Amino acid sequence: MGDMFDVVLAVLVVAVAVWTIGVRDSFASVVGFVAYGLLLALVWVRIVAPDVALTEAAIGSGLTGGLLVSAATRMQRAERSSATPQPGPLLRLSAIGLCVVVAAALAVVVLTLPNPPPTLAPVAAASLPAIGLDNPVAAVLIAYRAVDTLLEVVVLVLATVAVWSLAPDRLWGGAPGQRANLDPGGPLTLLARCLLPLGIVIGLYIFWMGSQAPGGEFQASAILGAMWILAMTAGLVDAPPTSRQWLRALLVLGPIVFLIIGFAGFAMAGGFLAYPVEFAKPIVLTIEAVLMLSIAAMLGLLVAGPPRRRKQR
Amino acid sequence: MSFARDILTVCAVLAGVFFFLAGTVGLLRFPDSLSRLHALTKADNLGLGLIAIGLIMHAESIPSALKLVAVWLLALLASATVPQLITRTMPPAVPPA
Amino acid sequence: MNAATLFGLCAAILVGLGLYGLIVDPRPLRKLLAFDLLGGGVFLLFGIVARRGAAAGFGADPVPQAMVITGIVVAFAASALAIAVMLRLLQETGETNLPDAASAPRQHSDSR
């Protein structure tokens with residue numbers, strides 16, 4: 001019975017992907033992409049990867065979907081009025097040929113994966129008791145492969161700065177987006193006022209449970225970032241100008257704390273990002289909490305986009 | 001006892017699936033956006049609620065059962081407000097001549 | 001055929017589809033969507049390798065899963081930057097297509 005569900009799910013994912021690529025209207029394609037992301041989250045649950053499923057649903061489908069919908073709406077008018085050059089049949093045929101070869105090669109790889117499968121699970125499991133976490137993925141992210149996480153956060157900071165730099169020079173340092181009008185009795189305000197406290201509690205809950213159960217700082221920061229975006233869209237809070245010192249400090253707080261602890265690892269435990277065993281859990285929780293705040297701010301700012309209002313003097 | 005629970009779960013989930021089916025048929029067959037939104041709300045409201053009721057019977061503990069109810073209530077909140085927002089951006093409906 | 005192999009084949013198809021959309025469609029937004037589809041397929045390949053590496057009492061090998069989580073976040077950052085570039089292009093030129101694609105002397109479709 002589970003096999004049949006898997007087959008139906010796989011066919012659905014491929015069907016939605018085909019529709020996303022093939023449909024003419026870009027807005028419809030974006031909607032198809034969001035559906036694809038949610039179906040992919042179900043696939044992740046079926047292959048026993050609940051942390052990845054949460055991340056895919058929150059960031060891969062949720063936040064990316066929000067970004068794409070706002071972009072597709074803005075591009076709709078220009079797209080309808082301009083002529084899209086169609087690729088010629090030669091390009092299509094050669095692309096089909098190339099893609100069939102690539103997909104077939106990957107399928108052969110999948111079917112001939114080594115048996116018994118190599119795995120790093122025992123190595124990761126060996127480090128778990130020292131960290132004090134029960135969630136192996138969280139332990140890998142924050143302890144076993146902590147350098148990857150550090151680099152990822154730095155990439156996020158760079159992406160935020162790059163998005164900010166796409167504003168015209170005269171708008172540098174201004175606030176992203178237009179000031180949304182607060183509609184006191186409207187449905188969006190109701191949604192924001194009801195969902196905001198709930199979302200914050202759920203986000204913190206997922207963060208806290210991440211040490212024992214699927215969850216963690218990335219999923220939680222996606223939820224917190226989404227709550228901030230909801231508040232900005234409803235007009236409950238105004239997007240802060242990107243020149244504000246506290247905003248910039250919040251962005252770099254996570255990576256800087258992570259780096260400081262990393263370098264302190266030389267003194268404390270003999271290596272970069274090595275944690276002393278007695279304090280491992282408090283250190284890990286500190287890093288995760290600060291990262292959560294920074295990443296939530298960065299995700300919110302990435303969706304808000306480059307500054308579009310002049311900086312007030 | 002658990003056989004009765006299983007029967008109840010299957011019945012509730014089947015009823016919920018029926019409402020989802022009705023909502024999807026409405027989405028595909030209704031002529032304009034307003035009536036399609038109306039059909040979709042049935043799917044969210046009743047369909048998800050019945051499926052949640054069916055799954056609650058097999059929840060491992062009271063907290064996880066409450067989480068299922070919370071999921072249903074949050075989906076209700078979204079499905080109640082989002083159609084209002086969608087209709088605000090639509091042009092006013094013109095009755096058929 | 002178990003779930004891992006089934007979804008692995010699904011992932012291979014997704015990679016092929018994403019690559020096709022990336023090559024063929026001249027519109028930047030569609031290329032970004034195809035690229036994200038391709039990324040989803042690649043992450044799914046990581047996931048099935050993780051599933052096959054179930055050992056030590058876990059349902060799956062946690063190391064590839066952690067890499068996929070990192071990858072999803074980085075892919076979001078890249079998508080956000082790409083969309084910001086596209087919107088800036090729209091602001092500057094009023095067009096959603098890249099200049100040389102729009103003025104290509106080969107086939108033009110009718111405006112929709």
# chains A, B, ... in the order shown; residues from 1 in each chain; ligands from 1
$ interface_residues --of "chain A" --to "chain B" --cutoff "8 Å" --atoms "only C-alpha atoms" --output "ChimeraX atom specification"
/A:187-188,190-191
$ write_last_selection --atoms "N, CA and C atoms" --output "mmCIF file, in the first residue's frame"
data_model
loop_
_atom_site.group_PDB
_atom_site.id
_atom_site.type_symbol
_atom_site.label_atom_id
_atom_site.label_comp_id
_atom_site.auth_asym_id
_atom_site.auth_seq_id
_atom_site.Cartn_x
_atom_site.Cartn_y
_atom_site.Cartn_z
ATOM 1 N N PRO A 187 -9.166 41.848 5.714
ATOM 2 C CA PRO A 187 -8.806 40.445 5.983
ATOM 3 C C PRO A 187 -7.311 40.247 6.170
ATOM 4 N N LEU A 188 -6.491 41.010 5.440
ATOM 5 C CA LEU A 188 -5.047 40.803 5.596
ATOM 6 C C LEU A 188 -4.608 41.209 6.991
ATOM 7 N N LEU A 190 -6.481 41.094 9.655
ATOM 8 C CA LEU A 190 -6.944 40.029 10.552
ATOM 9 C C LEU A 190 -5.997 38.853 10.517
ATOM 10 N N LEU A 191 -5.617 38.450 9.303
ATOM 11 C CA LEU A 191 -4.707 37.311 9.170
ATOM 12 C C LEU A 191 -3.400 37.597 9.877
#
$ residues_around --residues "Leu6 (chain C)" --least-positions-apart "3" --cutoff "9 Å" --atoms "only C-alpha atoms" --output "MDAnalysis selection string"
(chainID A and resid 6:7 10) or (chainID C and resid 1:3 9:11)
$ write_last_selection --atoms "C-alpha atoms" --output "mmCIF file, in the first residue's frame"
data_model
loop_
_atom_site.group_PDB
_atom_site.id
_atom_site.type_symbol
_atom_site.label_atom_id
_atom_site.label_comp_id
_atom_site.auth_asym_id
_atom_site.auth_seq_id
_atom_site.Cartn_x
_atom_site.Cartn_y
_atom_site.Cartn_z
ATOM 1 C CA ASP A 6 4.968 6.256 -3.610
ATOM 2 C CA VAL A 7 4.285 5.496 -7.264
ATOM 3 C CA ALA A 10 6.340 10.164 -8.048
ATOM 4 C CA MET C 1 11.742 -1.628 -6.568
ATOM 5 C CA ASN C 2 11.881 0.160 -3.250
ATOM 6 C CA ALA C 3 11.036 3.767 -2.516
ATOM 7 C CA LEU C 9 14.423 7.610 -11.108
ATOM 8 C CA CYS C 10 11.927 10.397 -10.490
ATOM 9 C CA ALA C 11 14.866 12.653 -9.592
#
$ residues_around --residues "Leu37 (chain C)" --least-positions-apart "5" --cutoff "8 Å" --atoms "only C-alpha atoms" --output "number ranges by chain"
A: 17, 33; C: 14-15, 17-18
$ residues_around --residues "Ala78 (chain C)" --least-positions-apart "4" --cutoff "8 Å" --atoms "only C-alpha atoms" --output "NGL selection string"
(:A and (159)) or (:C and (74 or 82))
$ select_by_dssp --residues "region 132-188 of chain A" --states "alpha helix (DSSP H)" --output "number ranges by chain"
A: 136-139, 146-164, 187-188
$ write_last_selection --atoms "N, CA and C atoms" --output "PDB file, in the first residue's frame"
ATOM      1  N   PRO A 136      19.982  13.736  14.719  1.00  0.00           N
ATOM      2  CA  PRO A 136      21.281  13.573  14.055  1.00  0.00           C
ATOM      3  C   PRO A 136      21.555  14.630  12.997  1.00  0.00           C
ATOM      4  N   VAL A 137      20.514  15.085  12.280  1.00  0.00           N
ATOM      5  CA  VAL A 137      20.741  16.092  11.247  1.00  0.00           C
ATOM      6  C   VAL A 137      21.183  17.403  11.880  1.00  0.00           C
ATOM      7  N   ALA A 138      20.553  17.767  12.999  1.00  0.00           N
ATOM      8  CA  ALA A 138      20.968  18.992  13.689  1.00  0.00           C
ATOM      9  C   ALA A 138      22.403  18.875  14.174  1.00  0.00           C
ATOM     10  N   ALA A 139      22.769  17.676  14.674  1.00  0.00           N
ATOM     11  CA  ALA A 139      24.136  17.493  15.154  1.00  0.00           C
ATOM     12  C   ALA A 139      25.121  17.620  14.003  1.00  0.00           C
ATOM     13  N   ALA A 146      30.122  21.755  10.814  1.00  0.00           N
ATOM     14  CA  ALA A 146      29.766  23.116  11.185  1.00  0.00           C
ATOM     15  C   ALA A 146      30.319  24.123  10.196  1.00  0.00           C
ATOM     16  N   VAL A 147      31.450  23.810   9.555  1.00  0.00           N
ATOM     17  CA  VAL A 147      32.032  24.774   8.616  1.00  0.00           C
ATOM     18  C   VAL A 147      31.076  25.027   7.463  1.00  0.00           C
ATOM     19  N   ASP A 148      30.375  23.955   6.992  1.00  0.00           N
ATOM     20  CA  ASP A 148      29.394  24.148   5.920  1.00  0.00           C
ATOM     21  C   ASP A 148      28.331  25.146   6.331  1.00  0.00           C
ATOM     22  N   THR A 149      27.835  25.006   7.573  1.00  0.00           N
ATOM     23  CA  THR A 149      26.780  25.910   8.034  1.00  0.00           C
ATOM     24  C   THR A 149      27.301  27.331   8.129  1.00  0.00           C
ATOM     25  N   LEU A 150      28.529  27.482   8.601  1.00  0.00           N
ATOM     26  CA  LEU A 150      29.101  28.821   8.701  1.00  0.00           C
ATOM     27  C   LEU A 150      29.201  29.469   7.324  1.00  0.00           C
ATOM     28  N   LEU A 151      29.691  28.695   6.355  1.00  0.00           N
ATOM     29  CA  LEU A 151      29.815  29.245   5.007  1.00  0.00           C
ATOM     30  C   LEU A 151      28.454  29.578   4.423  1.00  0.00           C
ATOM     31  N   GLU A 152      27.453  28.729   4.729  1.00  0.00           N
ATOM     32  CA  GLU A 152      26.116  28.991   4.208  1.00  0.00           C
ATOM     33  C   GLU A 152      25.567  30.302   4.738  1.00  0.00           C
ATOM     34  N   VAL A 153      25.783  30.578   6.019  1.00  0.00           N
ATOM     35  CA  VAL A 153      25.278  31.834   6.583  1.00  0.00           C
ATOM     36  C   VAL A 153      25.990  33.026   5.962  1.00  0.00           C
ATOM     37  N   VAL A 154      27.298  32.859   5.719  1.00  0.00           N
ATOM     38  CA  VAL A 154      28.031  33.949   5.076  1.00  0.00           C
ATOM     39  C   VAL A 154      27.497  34.183   3.660  1.00  0.00           C
ATOM     40  N   VAL A 155      27.154  33.086   2.959  1.00  0.00           N
ATOM     41  CA  VAL A 155      26.571  33.236   1.622  1.00  0.00           C
ATOM     42  C   VAL A 155      25.268  34.018   1.694  1.00  0.00           C
ATOM     43  N   LEU A 156      24.466  33.740   2.728  1.00  0.00           N
ATOM     44  CA  LEU A 156      23.213  34.482   2.874  1.00  0.00           C
ATOM     45  C   LEU A 156      23.471  35.966   3.077  1.00  0.00           C
ATOM     46  N   VAL A 157      24.470  36.298   3.898  1.00  0.00           N
ATOM     47  CA  VAL A 157      24.786  37.726   4.112  1.00  0.00           C
ATOM     48  C   VAL A 157      25.199  38.364   2.801  1.00  0.00           C
ATOM     49  N   LEU A 158      26.054  37.669   2.044  1.00  0.00           N
ATOM     50  CA  LEU A 158      26.502  38.224   0.768  1.00  0.00           C
ATOM     51  C   LEU A 158      25.333  38.404  -0.191  1.00  0.00           C
ATOM     52  N   ALA A 159      24.408  37.419  -0.194  1.00  0.00           N
ATOM     53  CA  ALA A 159      23.251  37.546  -1.083  1.00  0.00           C
ATOM     54  C   ALA A 159      22.398  38.742  -0.693  1.00  0.00           C
ATOM     55  N   THR A 160      22.234  38.966   0.623  1.00  0.00           N
ATOM     56  CA  THR A 160      21.443  40.132   1.066  1.00  0.00           C
ATOM     57  C   THR A 160      22.090  41.428   0.604  1.00  0.00           C
ATOM     58  N   VAL A 161      23.401  41.513   0.790  1.00  0.00           N
ATOM     59  CA  VAL A 161      24.099  42.727   0.354  1.00  0.00           C
ATOM     60  C   VAL A 161      23.992  42.886  -1.156  1.00  0.00           C
ATOM     61  N   ALA A 162      24.085  41.772  -1.882  1.00  0.00           N
ATOM     62  CA  ALA A 162      23.990  41.849  -3.346  1.00  0.00           C
ATOM     63  C   ALA A 162      22.609  42.315  -3.776  1.00  0.00           C
ATOM     64  N   VAL A 163      21.558  41.821  -3.097  1.00  0.00           N
ATOM     65  CA  VAL A 163      20.211  42.276  -3.444  1.00  0.00           C
ATOM     66  C   VAL A 163      20.064  43.765  -3.154  1.00  0.00           C
ATOM     67  N   TRP A 164      20.627  44.208  -2.022  1.00  0.00           N
ATOM     68  CA  TRP A 164      20.565  45.640  -1.707  1.00  0.00           C
ATOM     69  C   TRP A 164      21.289  46.469  -2.764  1.00  0.00           C
ATOM     70  N   PRO A 187      -9.166  41.848   5.714  1.00  0.00           N
ATOM     71  CA  PRO A 187      -8.806  40.445   5.983  1.00  0.00           C
ATOM     72  C   PRO A 187      -7.311  40.247   6.170  1.00  0.00           C
ATOM     73  N   LEU A 188      -6.491  41.010   5.440  1.00  0.00           N
ATOM     74  CA  LEU A 188      -5.047  40.803   5.596  1.00  0.00           C
ATOM     75  C   LEU A 188      -4.608  41.209   6.991  1.00  0.00           C
TER      76      LEU A 188
END
$ residues_around --residues "region 72-74 of chain A" --least-positions-apart "4" --cutoff "7 Å" --atoms "only C-alpha atoms" --output "list in words"
Ser26, Phe27 and Leu68 of chain A
$ write_last_selection --atoms "N, CA and C atoms" --output "PDB file, in the first residue's frame"
ATOM      1  N   SER A  26       3.516  32.694 -17.409  1.00  0.00           N
ATOM      2  CA  SER A  26       4.523  32.578 -16.355  1.00  0.00           C
ATOM      3  C   SER A  26       3.906  32.481 -14.978  1.00  0.00           C
ATOM      4  N   PHE A  27       2.785  33.175 -14.761  1.00  0.00           N
ATOM      5  CA  PHE A  27       2.170  33.116 -13.431  1.00  0.00           C
ATOM      6  C   PHE A  27       1.691  31.704 -13.139  1.00  0.00           C
ATOM      7  N   LEU A  68       8.548  34.435  -6.028  1.00  0.00           N
ATOM      8  CA  LEU A  68       8.238  34.249  -7.441  1.00  0.00           C
ATOM      9  C   LEU A  68       6.886  34.836  -7.787  1.00  0.00           C
TER      10      LEU A  68
END
